[in-house]
Structures are given as structure tokens and as C-alpha cells.
Amino acid sequence: MGFAHDHHPHGRADDQPGEPDPLSHDNYGPEARYAVRREAELPTTRWEAEIERGLRLGLPGADSIVDRRIPTFSRGELPHFAGINTFLKAPYVEDVTTCGEYDVAVLGAPFDGGTTYRSGTRFGPQGIRKISALYGPYSFELGVDLRESITIADLGDVFTIPGNIEKTFDQISKAVGHVYASGAFPVVLGGDHSIGYPTVRGVAEHLDGNLGIIHFDRHVDTQETDLDERMHTTPWFHATDIPNVPPKNLVQIGIGGWQAPRPGVKVGRERGTTIMTVTDCVEMGIEAAAEKALDVAWDGAEAVWLSFDVDCLDAAFVPGTGWPEPGGFLPREVLKFIQLVAERPLAGIEVVECSPPYDNAEITSLIATRVICDTLGCLVRAGHLPGRKS
């Protein structure tokens, strides 16, 4: 599913200067021209199947309804404000033993027992699912319709143990390992960042080779303990203690500010991890920064895990998080970065530290949803989804 390069990084191979184009005109910019032309090529097969299913399961609409595609009971994407909250209104799959029948499996990790300041991320999966109803499956700029390209299931939440972080880690590792081993692409909705350790552990045990980590954050999270325990400030110390998760394959993007404990900086220096500040990335350019991040994470690795902490963005854009810090990325910078990272395959993605009780107008949950959707869309566009099967 590749496109040759012309004016747009994902332009069509048959774009010839001077050749009449019935699908566009000279007033489009390169990205808009690509987007408009690409939409004309996308199928509508699964949308039509969804309409049929809605009418069959939800009864045909009342006699006064002119559009006969509308059922009596909402049973699909529309209306966006109706229905039960699953991620992107994907089907809720209660039998998790069947998750391998889907290309992507979403699971929540509602846990904030690793939080060291303000709690609330246990409600992150709920908040992300709720605002995800705002989205449809089609991205204009990416030229991707997730409904027509892949199958997504929502498995619900891991049964976390509020008073016991180690038992919760074991639950999360088992859940993520199960999804990854099934061949489905895991999407983990956090939860605080302590879950980064058990999610990585769950994937690493199913690999023959090494696992790299691309980590977006304002905080290094590499100290051994915090407040005498493994907390959300410690996941990468313990993850890179796993034999096939070497610290040389950990690249941390966006680190900076007044919340980076010195013990964690010391560990990263001693272990040879890679840190890229916001200034590093902006001054070298997002494209060059993404290339560097991919080179580090993929160096000798079999697979790469994407860990996205919403607080890598400037605090103005993510009020609903536990440790907001000014000076972070702008959303468009992060989204561009994510799109470039997802041009290579990924083992899975987690989005963490979304705390709805502190959110304003759901904008933190919204950026969490957007990061996931852009990751999936770019993996589809690059041909990595649908992916491997067990």
C-alpha cells in the first residue's frame, strides 16, 4: 500500500505535471490534493455492512424518517453522542480468548497506584473511550479509513488491584502478553506511567530478539524506586533490566523542565539511554528527530514499543495529567513525530497519564485519542496493519 514520492510525502505515483486530473484542480495544496484524490479510492464496503447490521439489529427507523439507513436503536458510529462507550465505538469483545480474530485490540489499564502527586489516571480509559466517540474512522490528511482497513476490538479493562502495584503489574503483563501473542496489535489505555514496565515485560517475553522503546515524555522515569516503591517515575529502570530490552534501545523524546529527578538522569547516563529534549527535536527538525529516534530504537531490535505520555505536550494542551509541565511540544509537532515513527512497524502502543478529573473540556483525553488514531492510520498507510498473526 505504498505511494511514490512527488509533491507530498505520500503522493500518488501517477501524478504527472500538466496532465488533466478529474479529481482535483490547481487550487489544492499538495496535501489537500492527495487527501481528496485518496478519498475517492477508499472503499465503503464495511460502512454499508454497518448500516445493514444496524437495521437488522436495531429495527428500521420510524416511518417519518426519510433516510432509511437510520435504525430505531443506535447500532454503529452515528449519532456520535449515542451508544455505549468503547474506543471508537469498536465492538466490545467479552471473550478475550478471541482477540486474535481482530487486527487491533484495545485494553484499558485503569491504575494510578504508581502516582506520586495527583491521582486520577485510573479514570483515563473511561475518559479516552468517551471522547473517542467524537471521531469517525476516516482521516482526511492521512487518506485512511480505519473501518475499511482493519478490524478493532475493545476488550475492556484489565482487573487491576488498587492497593497492590506488583499484583497489578502481573495482571497487566499477562493481559498485554496475551494480546500480543494472539497476533492482535495491542493498544493500551492508561493508567499512570508505572504500567510501562509490565506492558513492555508482557511483549518482551514473546520475542526471540530485543525490544526497543520509543518514549514520549517530559520526565525520564528511569530511577530505581520513588517513595521506596516502583512508581510511575521508575518504569524504564525496570524495563531495561529485562534481558532482551537493552537500555541502548530506549530513546526518550521531549524530556525537560523542573520535574526530572537527578537519580533517574544518573541511571540514564550510566546505562547509555538516549534523551532528546523538545529543543533538540525542534531545532534539528521533527523529520530528523524522528529518524534519529527510529535509528536508536531499532538498532539490533526485533520490535519496538511506543510509550506515549500525554505530558510530553505543553501543559496548556494537557491540563488533565498528573505532572503538567510548560515548555513541551505543540500538538502538531507531536502528531508529525508520531506519523513518522509509525512509518516503521510497532509492537504496540500505550498512552498514559491521562487524568480526566483534572481535564478541561476533555482536551487531554482528545489528544490521547488522536495519538492512537494517527498511529493506527499511519501503520495502515505504511502497510504494517493488518499485521502479523499468531
# chains A, B, ... in the order shown; residues from 1 in each chain; ligands from 1
$ residues_around --residues "range 311-313 of chain A" --least-positions-apart "2" --cutoff "8 Å" --atoms "only C-alpha atoms" --output "count of residues only"
22
$ select_by_dssp --residues "range 106-244 of chain A" --states "helix (DSSP H, G or I)" --output "PyMOL selection string"
chain A and resi 121-132+146-149+165-182+193-204+235-239
$ write_last_selection --atoms "C-alpha atoms" --output "tab-separated table (two decimals), in the first residue's frame"
chain	number	residue	atom	x	y	z
A	121	THR	CA	-5.43	8.31	35.84
A	122	ARG	CA	-7.45	5.27	36.88
A	123	PHE	CA	-10.23	7.06	35.00
A	124	GLY	CA	-8.06	7.51	31.91
A	125	PRO	CA	-9.52	4.58	29.94
A	126	GLN	CA	-13.06	5.86	30.60
A	127	GLY	CA	-12.15	9.39	29.53
A	128	ILE	CA	-10.39	8.31	26.34
A	129	ARG	CA	-13.19	5.99	25.33
A	130	LYS	CA	-15.81	8.66	25.99
A	131	ILE	CA	-14.25	11.37	23.80
A	132	SER	CA	-13.27	8.86	21.12
A	146	LEU	CA	-9.79	2.50	9.66
A	147	ARG	CA	-13.22	0.89	9.33
A	148	GLU	CA	-12.43	-0.17	5.77
A	149	SER	CA	-8.82	-1.20	6.50
A	165	ILE	CA	1.19	-2.32	42.43
A	166	GLU	CA	3.11	-5.60	41.97
A	167	LYS	CA	-0.02	-7.72	41.53
A	168	THR	CA	-1.33	-5.09	39.13
A	169	PHE	CA	1.92	-5.33	37.16
A	170	ASP	CA	1.43	-9.10	36.91
A	171	GLN	CA	-2.14	-8.64	35.68
A	172	ILE	CA	-1.09	-6.11	33.04
A	173	SER	CA	1.82	-8.22	31.80
A	174	LYS	CA	-0.45	-11.23	31.44
A	175	ALA	CA	-3.09	-9.21	29.59
A	176	VAL	CA	-0.70	-7.48	27.18
A	177	GLY	CA	1.24	-10.69	26.61
A	178	HIS	CA	-1.99	-12.49	25.77
A	179	VAL	CA	-3.00	-9.86	23.21
A	180	TYR	CA	0.44	-9.66	21.64
A	181	ALA	CA	0.78	-13.46	21.41
A	182	SER	CA	-2.63	-13.64	19.71
A	193	HIS	CA	3.21	5.51	33.61
A	194	SER	CA	4.16	2.78	36.06
A	195	ILE	CA	2.35	0.46	33.62
A	196	GLY	CA	5.20	0.97	31.12
A	197	TYR	CA	7.21	-1.72	32.87
A	198	PRO	CA	4.59	-4.50	32.83
A	199	THR	CA	3.41	-3.71	29.29
A	200	VAL	CA	6.97	-4.00	27.97
A	201	ARG	CA	7.50	-7.15	30.02
A	202	GLY	CA	4.36	-8.68	28.52
A	203	VAL	CA	5.64	-8.15	24.98
A	204	ALA	CA	9.31	-8.94	25.58
A	235	PRO	CA	9.25	2.05	34.63
A	236	TRP	CA	12.28	2.28	32.36
A	237	PHE	CA	14.79	1.31	35.05
A	238	HIS	CA	12.99	-1.99	35.45
A	239	ALA	CA	12.05	-2.44	31.80
$ closest_residue --among "A:Gly377, A:Glu283, A:Leu88, A:Asp208" --to "Glu333 in chain A" --atoms "only C-alpha atoms"
A:Glu283
$ residues_around --residues "Gly113 in chain A" --least-positions-apart "2" --cutoff "9 Å" --atoms "only C-alpha atoms" --output "PyMOL selection string"
chain A and resi 111+115-116+119+122+161-165+191-192+194+231-232
$ write_last_selection --atoms "N, CA, C and O atoms" --output "PDB file, in the first residue's frame"
ATOM      1  N   PHE A 111      -5.267   2.296  36.379  1.00  0.00           N
ATOM      2  CA  PHE A 111      -4.470   2.186  37.591  1.00  0.00           C
ATOM      3  C   PHE A 111      -3.710   3.480  37.834  1.00  0.00           C
ATOM      4  O   PHE A 111      -3.061   4.001  36.923  1.00  0.00           O
ATOM      5  N   THR A 115       1.114   6.708  41.178  1.00  0.00           N
ATOM      6  CA  THR A 115       1.152   8.159  41.065  1.00  0.00           C
ATOM      7  C   THR A 115       1.779   8.786  42.308  1.00  0.00           C
ATOM      8  O   THR A 115       1.456   8.405  43.432  1.00  0.00           O
ATOM      9  N   THR A 116       2.656   9.763  42.092  1.00  0.00           N
ATOM     10  CA  THR A 116       3.364  10.390  43.219  1.00  0.00           C
ATOM     11  C   THR A 116       2.907  11.814  43.519  1.00  0.00           C
ATOM     12  O   THR A 116       3.433  12.444  44.432  1.00  0.00           O
ATOM     13  N   SER A 119      -3.656  12.086  41.756  1.00  0.00           N
ATOM     14  CA  SER A 119      -4.199  10.860  41.179  1.00  0.00           C
ATOM     15  C   SER A 119      -5.327  11.177  40.210  1.00  0.00           C
ATOM     16  O   SER A 119      -5.711  12.333  40.025  1.00  0.00           O
ATOM     17  N   ARG A 122      -6.642   6.491  36.941  1.00  0.00           N
ATOM     18  CA  ARG A 122      -7.450   5.265  36.885  1.00  0.00           C
ATOM     19  C   ARG A 122      -8.697   5.489  36.038  1.00  0.00           C
ATOM     20  O   ARG A 122      -9.313   4.521  35.554  1.00  0.00           O
ATOM     21  N   ILE A 161      -5.375  -4.106  40.688  1.00  0.00           N
ATOM     22  CA  ILE A 161      -5.550  -4.258  42.135  1.00  0.00           C
ATOM     23  C   ILE A 161      -5.174  -2.935  42.795  1.00  0.00           C
ATOM     24  O   ILE A 161      -3.985  -2.603  42.904  1.00  0.00           O
ATOM     25  N   PRO A 162      -6.139  -2.130  43.244  1.00  0.00           N
ATOM     26  CA  PRO A 162      -5.855  -0.762  43.683  1.00  0.00           C
ATOM     27  C   PRO A 162      -4.774  -0.642  44.746  1.00  0.00           C
ATOM     28  O   PRO A 162      -3.988   0.286  44.731  1.00  0.00           O
ATOM     29  N   GLY A 163      -4.696  -1.583  45.660  1.00  0.00           N
ATOM     30  CA  GLY A 163      -3.754  -1.454  46.761  1.00  0.00           C
ATOM     31  C   GLY A 163      -2.440  -2.179  46.562  1.00  0.00           C
ATOM     32  O   GLY A 163      -1.618  -2.201  47.474  1.00  0.00           O
ATOM     33  N   ASN A 164      -2.236  -2.781  45.381  1.00  0.00           N
ATOM     34  CA  ASN A 164      -1.035  -3.598  45.206  1.00  0.00           C
ATOM     35  C   ASN A 164      -0.466  -3.401  43.808  1.00  0.00           C
ATOM     36  O   ASN A 164      -0.989  -3.934  42.835  1.00  0.00           O
ATOM     37  N   ILE A 165       0.627  -2.641  43.722  1.00  0.00           N
ATOM     38  CA  ILE A 165       1.191  -2.321  42.426  1.00  0.00           C
ATOM     39  C   ILE A 165       1.835  -3.540  41.770  1.00  0.00           C
ATOM     40  O   ILE A 165       1.769  -3.700  40.540  1.00  0.00           O
ATOM     41  N   GLY A 191      -4.355   4.991  32.876  1.00  0.00           N
ATOM     42  CA  GLY A 191      -3.325   4.492  33.735  1.00  0.00           C
ATOM     43  C   GLY A 191      -2.106   5.421  33.805  1.00  0.00           C
ATOM     44  O   GLY A 191      -1.837   6.230  32.931  1.00  0.00           O
ATOM     45  N   ASP A 192      -1.434   5.340  34.979  1.00  0.00           N
ATOM     46  CA  ASP A 192      -0.215   6.114  35.128  1.00  0.00           C
ATOM     47  C   ASP A 192       0.945   5.383  34.457  1.00  0.00           C
ATOM     48  O   ASP A 192       0.801   4.249  33.978  1.00  0.00           O
ATOM     49  N   SER A 194       3.566   3.986  35.481  1.00  0.00           N
ATOM     50  CA  SER A 194       4.155   2.778  36.058  1.00  0.00           C
ATOM     51  C   SER A 194       3.837   1.559  35.206  1.00  0.00           C
ATOM     52  O   SER A 194       4.578   0.571  35.211  1.00  0.00           O
ATOM     53  N   MET A 231       7.292   3.086  41.041  1.00  0.00           N
ATOM     54  CA  MET A 231       6.181   4.004  40.822  1.00  0.00           C
ATOM     55  C   MET A 231       6.154   4.457  39.362  1.00  0.00           C
ATOM     56  O   MET A 231       6.832   3.874  38.505  1.00  0.00           O
ATOM     57  N   HIS A 232       5.383   5.503  39.067  1.00  0.00           N
ATOM     58  CA  HIS A 232       5.319   5.953  37.682  1.00  0.00           C
ATOM     59  C   HIS A 232       6.557   6.730  37.259  1.00  0.00           C
ATOM     60  O   HIS A 232       6.665   7.134  36.101  1.00  0.00           O
TER      61      HIS A 232
END
$ closest_residue --among "A:Arg75, A:Met284, A:Leu189, A:Thr44" --to "Leu107 in chain A" --atoms "only C-alpha atoms"
A:Leu189
$ select_by_dssp --residues "range 119-290 of chain A" --states "strand (DSSP E or B)" --output "MDAnalysis selection string"
chainID A and resid 138:139 144:145 152:157 185:190 210:216 226 229 250:253 274:276
$ residues_around --residues "Leu142 in chain A" --least-positions-apart "2" --cutoff "10 Å" --atoms "only C-alpha atoms" --output "PyMOL selection string"
chain A and resi 10+31-32+34-35+38-39+138-140+144-145+339+374+377-378+380-381
$ write_last_selection --atoms "all heavy atoms" --output "short mmCIF file (atom, residue, chain, number, x, y, z; two decimals), in the first residue's frame"
data_model
loop_
_atom_site.label_atom_id
_atom_site.label_comp_id
_atom_site.auth_asym_id
_atom_site.auth_seq_id
_atom_site.Cartn_x
_atom_site.Cartn_y
_atom_site.Cartn_z
N HIS A 10 3.44 11.42 0.62
CA HIS A 10 2.71 10.20 0.30
C HIS A 10 1.89 10.42 -0.97
O HIS A 10 0.75 9.99 -1.08
CB HIS A 10 1.82 9.78 1.47
CG HIS A 10 2.60 9.53 2.71
ND1 HIS A 10 3.28 8.36 2.95
CD2 HIS A 10 2.88 10.33 3.77
CE1 HIS A 10 3.91 8.43 4.11
NE2 HIS A 10 3.68 9.62 4.62
N GLU A 31 -0.90 18.47 0.05
CA GLU A 31 -1.53 17.54 0.98
C GLU A 31 -3.03 17.43 0.72
O GLU A 31 -3.59 16.33 0.72
CB GLU A 31 -1.28 17.98 2.41
CG GLU A 31 -1.79 16.99 3.44
CD GLU A 31 -1.46 17.39 4.86
OE1 GLU A 31 -1.79 18.52 5.26
OE2 GLU A 31 -0.88 16.56 5.59
N ALA A 32 -3.68 18.55 0.46
CA ALA A 32 -5.11 18.52 0.20
C ALA A 32 -5.41 17.76 -1.10
O ALA A 32 -6.39 17.01 -1.17
CB ALA A 32 -5.67 19.94 0.12
N TYR A 34 -3.64 15.32 -2.41
CA TYR A 34 -3.50 13.90 -2.09
C TYR A 34 -4.73 13.39 -1.34
O TYR A 34 -5.28 12.33 -1.65
CB TYR A 34 -2.25 13.67 -1.24
CG TYR A 34 -2.25 12.34 -0.53
CD1 TYR A 34 -1.90 11.18 -1.19
CD2 TYR A 34 -2.63 12.25 0.82
CE1 TYR A 34 -1.92 9.95 -0.54
CE2 TYR A 34 -2.65 11.04 1.48
CZ TYR A 34 -2.29 9.89 0.79
OH TYR A 34 -2.33 8.67 1.44
N ALA A 35 -5.18 14.17 -0.33
CA ALA A 35 -6.29 13.73 0.51
C ALA A 35 -7.58 13.56 -0.29
O ALA A 35 -8.29 12.57 -0.14
CB ALA A 35 -6.50 14.72 1.65
N ARG A 38 -7.22 10.58 -2.65
CA ARG A 38 -7.18 9.31 -1.93
C ARG A 38 -8.56 8.90 -1.46
O ARG A 38 -8.92 7.70 -1.51
CB ARG A 38 -6.23 9.44 -0.73
CG ARG A 38 -6.12 8.20 0.13
CD ARG A 38 -5.51 7.04 -0.62
NE ARG A 38 -5.47 5.86 0.22
CZ ARG A 38 -5.77 4.64 -0.19
NH1 ARG A 38 -6.11 4.42 -1.45
NH2 ARG A 38 -5.72 3.62 0.64
N GLU A 39 -9.37 9.86 -1.03
CA GLU A 39 -10.72 9.52 -0.55
C GLU A 39 -11.53 8.83 -1.63
O GLU A 39 -12.32 7.91 -1.34
CB GLU A 39 -11.43 10.78 -0.06
CG GLU A 39 -12.71 10.53 0.71
CD GLU A 39 -13.90 10.23 -0.17
OE1 GLU A 39 -13.93 10.74 -1.31
OE2 GLU A 39 -14.79 9.47 0.26
N TYR A 138 -12.29 7.85 9.62
CA TYR A 138 -11.61 8.35 8.43
C TYR A 138 -10.80 9.60 8.74
O TYR A 138 -11.27 10.53 9.38
CB TYR A 138 -12.66 8.67 7.35
CG TYR A 138 -12.18 9.54 6.21
CD1 TYR A 138 -11.20 9.11 5.33
CD2 TYR A 138 -12.73 10.82 6.02
CE1 TYR A 138 -10.77 9.92 4.28
CE2 TYR A 138 -12.31 11.62 4.98
CZ TYR A 138 -11.33 11.17 4.12
OH TYR A 138 -10.89 11.98 3.09
N SER A 139 -9.53 9.59 8.29
CA SER A 139 -8.66 10.77 8.42
C SER A 139 -8.47 11.40 7.06
O SER A 139 -7.98 10.75 6.13
CB SER A 139 -7.30 10.38 9.00
OG SER A 139 -6.37 11.43 8.82
N PHE A 140 -8.81 12.67 6.96
CA PHE A 140 -8.70 13.38 5.68
C PHE A 140 -7.27 13.44 5.20
O PHE A 140 -6.94 13.00 4.09
CB PHE A 140 -9.28 14.79 5.82
CG PHE A 140 -9.16 15.63 4.59
CD1 PHE A 140 -9.94 15.37 3.47
CD2 PHE A 140 -8.26 16.69 4.53
CE1 PHE A 140 -9.84 16.15 2.33
CE2 PHE A 140 -8.14 17.47 3.39
CZ PHE A 140 -8.93 17.20 2.29
N VAL A 144 -6.89 7.60 5.09
CA VAL A 144 -7.10 6.26 5.63
C VAL A 144 -8.48 6.19 6.26
O VAL A 144 -8.90 7.12 6.95
CB VAL A 144 -6.02 5.91 6.68
CG1 VAL A 144 -6.38 4.64 7.43
CG2 VAL A 144 -4.66 5.79 6.03
N ASP A 145 -9.18 5.09 6.02
CA ASP A 145 -10.43 4.80 6.70
C ASP A 145 -10.22 3.52 7.51
O ASP A 145 -10.11 2.43 6.94
CB ASP A 145 -11.57 4.62 5.69
CG ASP A 145 -12.94 4.51 6.34
OD1 ASP A 145 -13.03 3.97 7.45
OD2 ASP A 145 -13.93 4.97 5.73
N GLN A 339 3.45 10.32 13.31
CA GLN A 339 3.21 9.84 11.94
C GLN A 339 4.49 9.30 11.32
O GLN A 339 4.46 8.29 10.60
CB GLN A 339 2.62 10.96 11.10
CG GLN A 339 1.19 11.33 11.48
CD GLN A 339 0.71 12.62 10.87
OE1 GLN A 339 1.33 13.15 9.95
NE2 GLN A 339 -0.39 13.16 11.39
N ASP A 374 -3.88 8.38 14.92
CA ASP A 374 -2.83 8.68 13.94
C ASP A 374 -1.83 7.53 13.84
O ASP A 374 -1.34 7.21 12.76
CB ASP A 374 -2.12 9.98 14.31
CG ASP A 374 -2.84 11.21 13.80
OD1 ASP A 374 -4.08 11.14 13.64
OD2 ASP A 374 -2.19 12.23 13.56
N GLY A 377 -3.59 4.83 11.87
CA GLY A 377 -3.75 5.25 10.48
C GLY A 377 -2.45 5.19 9.71
O GLY A 377 -2.42 4.75 8.54
N CYS A 378 -1.35 5.61 10.32
CA CYS A 378 -0.06 5.58 9.63
C CYS A 378 0.47 4.17 9.49
O CYS A 378 1.13 3.85 8.49
CB CYS A 378 0.93 6.48 10.35
SG CYS A 378 0.56 8.23 10.11
N VAL A 380 -1.46 1.63 9.00
CA VAL A 380 -2.25 1.14 7.86
C VAL A 380 -1.66 1.68 6.56
O VAL A 380 -1.43 0.93 5.60
CB VAL A 380 -3.72 1.56 8.01
CG1 VAL A 380 -4.47 1.36 6.69
CG2 VAL A 380 -4.40 0.78 9.12
N ARG A 381 -1.39 2.97 6.53
CA ARG A 381 -0.89 3.60 5.30
C ARG A 381 0.45 3.03 4.87
O ARG A 381 0.74 2.89 3.67
CB ARG A 381 -0.79 5.11 5.51
CG ARG A 381 -0.43 5.88 4.25
CD ARG A 381 -0.50 7.38 4.46
NE ARG A 381 0.51 7.84 5.41
CZ ARG A 381 0.67 9.13 5.74
NH1 ARG A 381 -0.14 10.04 5.24
NH2 ARG A 381 1.61 9.48 6.60
#
$ closest_residue --among "A:Ala184, A:Val278, A:Ala40, A:Val104" --to "Asp314 in chain A" --atoms "only C-alpha atoms"
A:Val278
$ residues_around --residues "Arg118 in chain A" --least-positions-apart "4" --cutoff "10 Å" --atoms "only C-alpha atoms" --output "ChimeraX atom specification"
/A:112,321-323,355,357-358
$ write_last_selection --atoms "all heavy atoms" --output "compact mmCIF listing (two decimals), in the first residue's frame"
# COMPACT_ATOMS: atom_id res chain seq x y z
N ASP A 112 -3.80 4.01 39.06
CA ASP A 112 -3.00 5.18 39.41
C ASP A 112 -2.30 5.00 40.75
O ASP A 112 -1.94 5.96 41.41
CB ASP A 112 -3.83 6.47 39.39
CG ASP A 112 -5.08 6.40 40.25
OD1 ASP A 112 -5.16 5.50 41.11
OD2 ASP A 112 -5.98 7.24 40.06
N THR A 321 -3.56 15.88 33.50
CA THR A 321 -2.47 14.93 33.72
C THR A 321 -1.87 15.16 35.09
O THR A 321 -2.09 16.21 35.71
CB THR A 321 -1.40 15.05 32.61
OG1 THR A 321 -0.52 13.93 32.67
CG2 THR A 321 -0.62 16.35 32.70
N GLY A 322 -1.10 14.19 35.57
CA GLY A 322 -0.62 14.24 36.95
C GLY A 322 0.53 15.20 37.18
O GLY A 322 0.66 15.77 38.25
N TRP A 323 1.42 15.35 36.19
CA TRP A 323 2.59 16.21 36.35
C TRP A 323 2.72 17.13 35.14
O TRP A 323 3.63 16.97 34.31
CB TRP A 323 3.86 15.37 36.50
CG TRP A 323 4.03 14.76 37.86
CD1 TRP A 323 3.59 13.54 38.26
CD2 TRP A 323 4.70 15.34 38.97
NE1 TRP A 323 3.93 13.32 39.57
CE2 TRP A 323 4.62 14.41 40.04
CE3 TRP A 323 5.35 16.56 39.19
CZ2 TRP A 323 5.17 14.65 41.29
CZ3 TRP A 323 5.91 16.79 40.44
CH2 TRP A 323 5.81 15.85 41.47
N SER A 355 -5.58 12.08 32.97
CA SER A 355 -6.31 12.14 34.23
C SER A 355 -7.57 12.99 34.07
O SER A 355 -7.54 14.21 34.29
CB SER A 355 -5.40 12.73 35.33
OG SER A 355 -6.05 12.71 36.57
N PRO A 357 -10.18 13.71 35.86
CA PRO A 357 -10.65 14.63 36.89
C PRO A 357 -10.02 16.02 36.82
O PRO A 357 -10.60 16.98 37.31
CB PRO A 357 -10.27 13.92 38.20
CG PRO A 357 -10.27 12.48 37.84
CD PRO A 357 -9.73 12.43 36.45
N TYR A 358 -8.84 16.13 36.23
CA TYR A 358 -8.17 17.41 36.11
C TYR A 358 -8.30 18.00 34.71
O TYR A 358 -7.74 19.05 34.42
CB TYR A 358 -6.68 17.27 36.46
CG TYR A 358 -6.42 17.13 37.93
CD1 TYR A 358 -6.38 15.87 38.53
CD2 TYR A 358 -6.25 18.25 38.74
CE1 TYR A 358 -6.15 15.73 39.89
CE2 TYR A 358 -6.02 18.12 40.10
CZ TYR A 358 -5.97 16.87 40.67
OH TYR A 358 -5.75 16.74 42.02
$ residues_around --residues "range 343-351 of chain A" --least-positions-apart "3" --cutoff "6 Å" --atoms "only C-alpha atoms" --output "number ranges by chain"
A: 185-190, 303-309, 340, 382, 384
$ atom_distance --atom1 "CA of Ala109 in chain A" --atom2 "CA of Asp359 in chain A"
18.5 Å
$ atom_distance --atom1 "CA of Phe159 in chain A" --atom2 "CA of Val106 in chain A"
14.3 Å
$ residues_around --residues "Gly76 in chain A" --least-positions-apart "4" --cutoff "8 Å" --atoms "only C-alpha atoms" --output "PyMOL selection string"
chain A and resi 50-51+54+83+89
$ atom_distance --atom1 "CA of Leu207 in chain A" --atom2 "CA of Ala342 in chain A"
19.9 Å
$ decode --residues "range 81-93 of chain A" --atoms "N, CA, C and O atoms" --output "PDB file, in the first residue's frame"
ATOM      1  N   PHE A  81     -23.026  11.051  19.788  1.00  0.00           N
ATOM      2  CA  PHE A  81     -23.321  11.241  21.208  1.00  0.00           C
ATOM      3  C   PHE A  81     -24.087  10.080  21.806  1.00  0.00           C
ATOM      4  O   PHE A  81     -24.380  10.075  22.998  1.00  0.00           O
ATOM      5  N   ALA A  82     -24.421   9.075  21.008  1.00  0.00           N
ATOM      6  CA  ALA A  82     -25.214   7.943  21.482  1.00  0.00           C
ATOM      7  C   ALA A  82     -24.348   6.689  21.580  1.00  0.00           C
ATOM      8  O   ALA A  82     -23.231   6.633  21.080  1.00  0.00           O
ATOM      9  N   GLY A  83     -24.885   5.684  22.225  1.00  0.00           N
ATOM     10  CA  GLY A  83     -24.215   4.402  22.267  1.00  0.00           C
ATOM     11  C   GLY A  83     -23.404   4.184  23.538  1.00  0.00           C
ATOM     12  O   GLY A  83     -23.265   5.061  24.383  1.00  0.00           O
ATOM     13  N   ILE A  84     -22.863   2.981  23.647  1.00  0.00           N
ATOM     14  CA  ILE A  84     -22.042   2.584  24.787  1.00  0.00           C
ATOM     15  C   ILE A  84     -20.593   2.936  24.477  1.00  0.00           C
ATOM     16  O   ILE A  84     -20.113   2.731  23.364  1.00  0.00           O
ATOM     17  N   ASN A  85     -19.874   3.464  25.455  1.00  0.00           N
ATOM     18  CA  ASN A  85     -18.515   3.942  25.211  1.00  0.00           C
ATOM     19  C   ASN A  85     -17.505   2.806  25.131  1.00  0.00           C
ATOM     20  O   ASN A  85     -17.053   2.273  26.142  1.00  0.00           O
ATOM     21  N   THR A  86     -17.166   2.443  23.907  1.00  0.00           N
ATOM     22  CA  THR A  86     -15.960   1.668  23.641  1.00  0.00           C
ATOM     23  C   THR A  86     -15.052   2.570  22.819  1.00  0.00           C
ATOM     24  O   THR A  86     -15.472   3.631  22.354  1.00  0.00           O
ATOM     25  N   PHE A  87     -13.800   2.167  22.623  1.00  0.00           N
ATOM     26  CA  PHE A  87     -12.895   3.016  21.861  1.00  0.00           C
ATOM     27  C   PHE A  87     -13.323   3.036  20.395  1.00  0.00           C
ATOM     28  O   PHE A  87     -13.438   2.002  19.749  1.00  0.00           O
ATOM     29  N   LEU A  88     -13.595   4.245  19.879  1.00  0.00           N
ATOM     30  CA  LEU A  88     -14.068   4.443  18.503  1.00  0.00           C
ATOM     31  C   LEU A  88     -15.326   3.643  18.212  1.00  0.00           C
ATOM     32  O   LEU A  88     -15.595   3.283  17.073  1.00  0.00           O
ATOM     33  N   LYS A  89     -16.080   3.328  19.259  1.00  0.00           N
ATOM     34  CA  LYS A  89     -17.297   2.525  19.126  1.00  0.00           C
ATOM     35  C   LYS A  89     -17.017   1.159  18.508  1.00  0.00           C
ATOM     36  O   LYS A  89     -17.870   0.569  17.846  1.00  0.00           O
ATOM     37  N   ALA A  90     -15.808   0.667  18.729  1.00  0.00           N
ATOM     38  CA  ALA A  90     -15.463  -0.690  18.284  1.00  0.00           C
ATOM     39  C   ALA A  90     -16.290  -1.694  19.066  1.00  0.00           C
ATOM     40  O   ALA A  90     -16.741  -1.412  20.181  1.00  0.00           O
ATOM     41  N   PRO A  91     -16.493  -2.880  18.515  1.00  0.00           N
ATOM     42  CA  PRO A  91     -17.273  -3.884  19.256  1.00  0.00           C
ATOM     43  C   PRO A  91     -16.593  -4.275  20.557  1.00  0.00           C
ATOM     44  O   PRO A  91     -15.365  -4.442  20.603  1.00  0.00           O
ATOM     45  N   TYR A  92     -17.389  -4.371  21.608  1.00  0.00           N
ATOM     46  CA  TYR A  92     -16.884  -4.856  22.897  1.00  0.00           C
ATOM     47  C   TYR A  92     -16.811  -6.370  22.834  1.00  0.00           C
ATOM     48  O   TYR A  92     -17.817  -7.044  22.585  1.00  0.00           O
ATOM     49  N   VAL A  93     -15.622  -6.913  23.040  1.00  0.00           N
ATOM     50  CA  VAL A  93     -15.404  -8.360  22.962  1.00  0.00           C
ATOM     51  C   VAL A  93     -15.190  -8.883  24.376  1.00  0.00           C
ATOM     52  O   VAL A  93     -14.130  -8.678  24.975  1.00  0.00           O
TER      53      VAL A  93
END
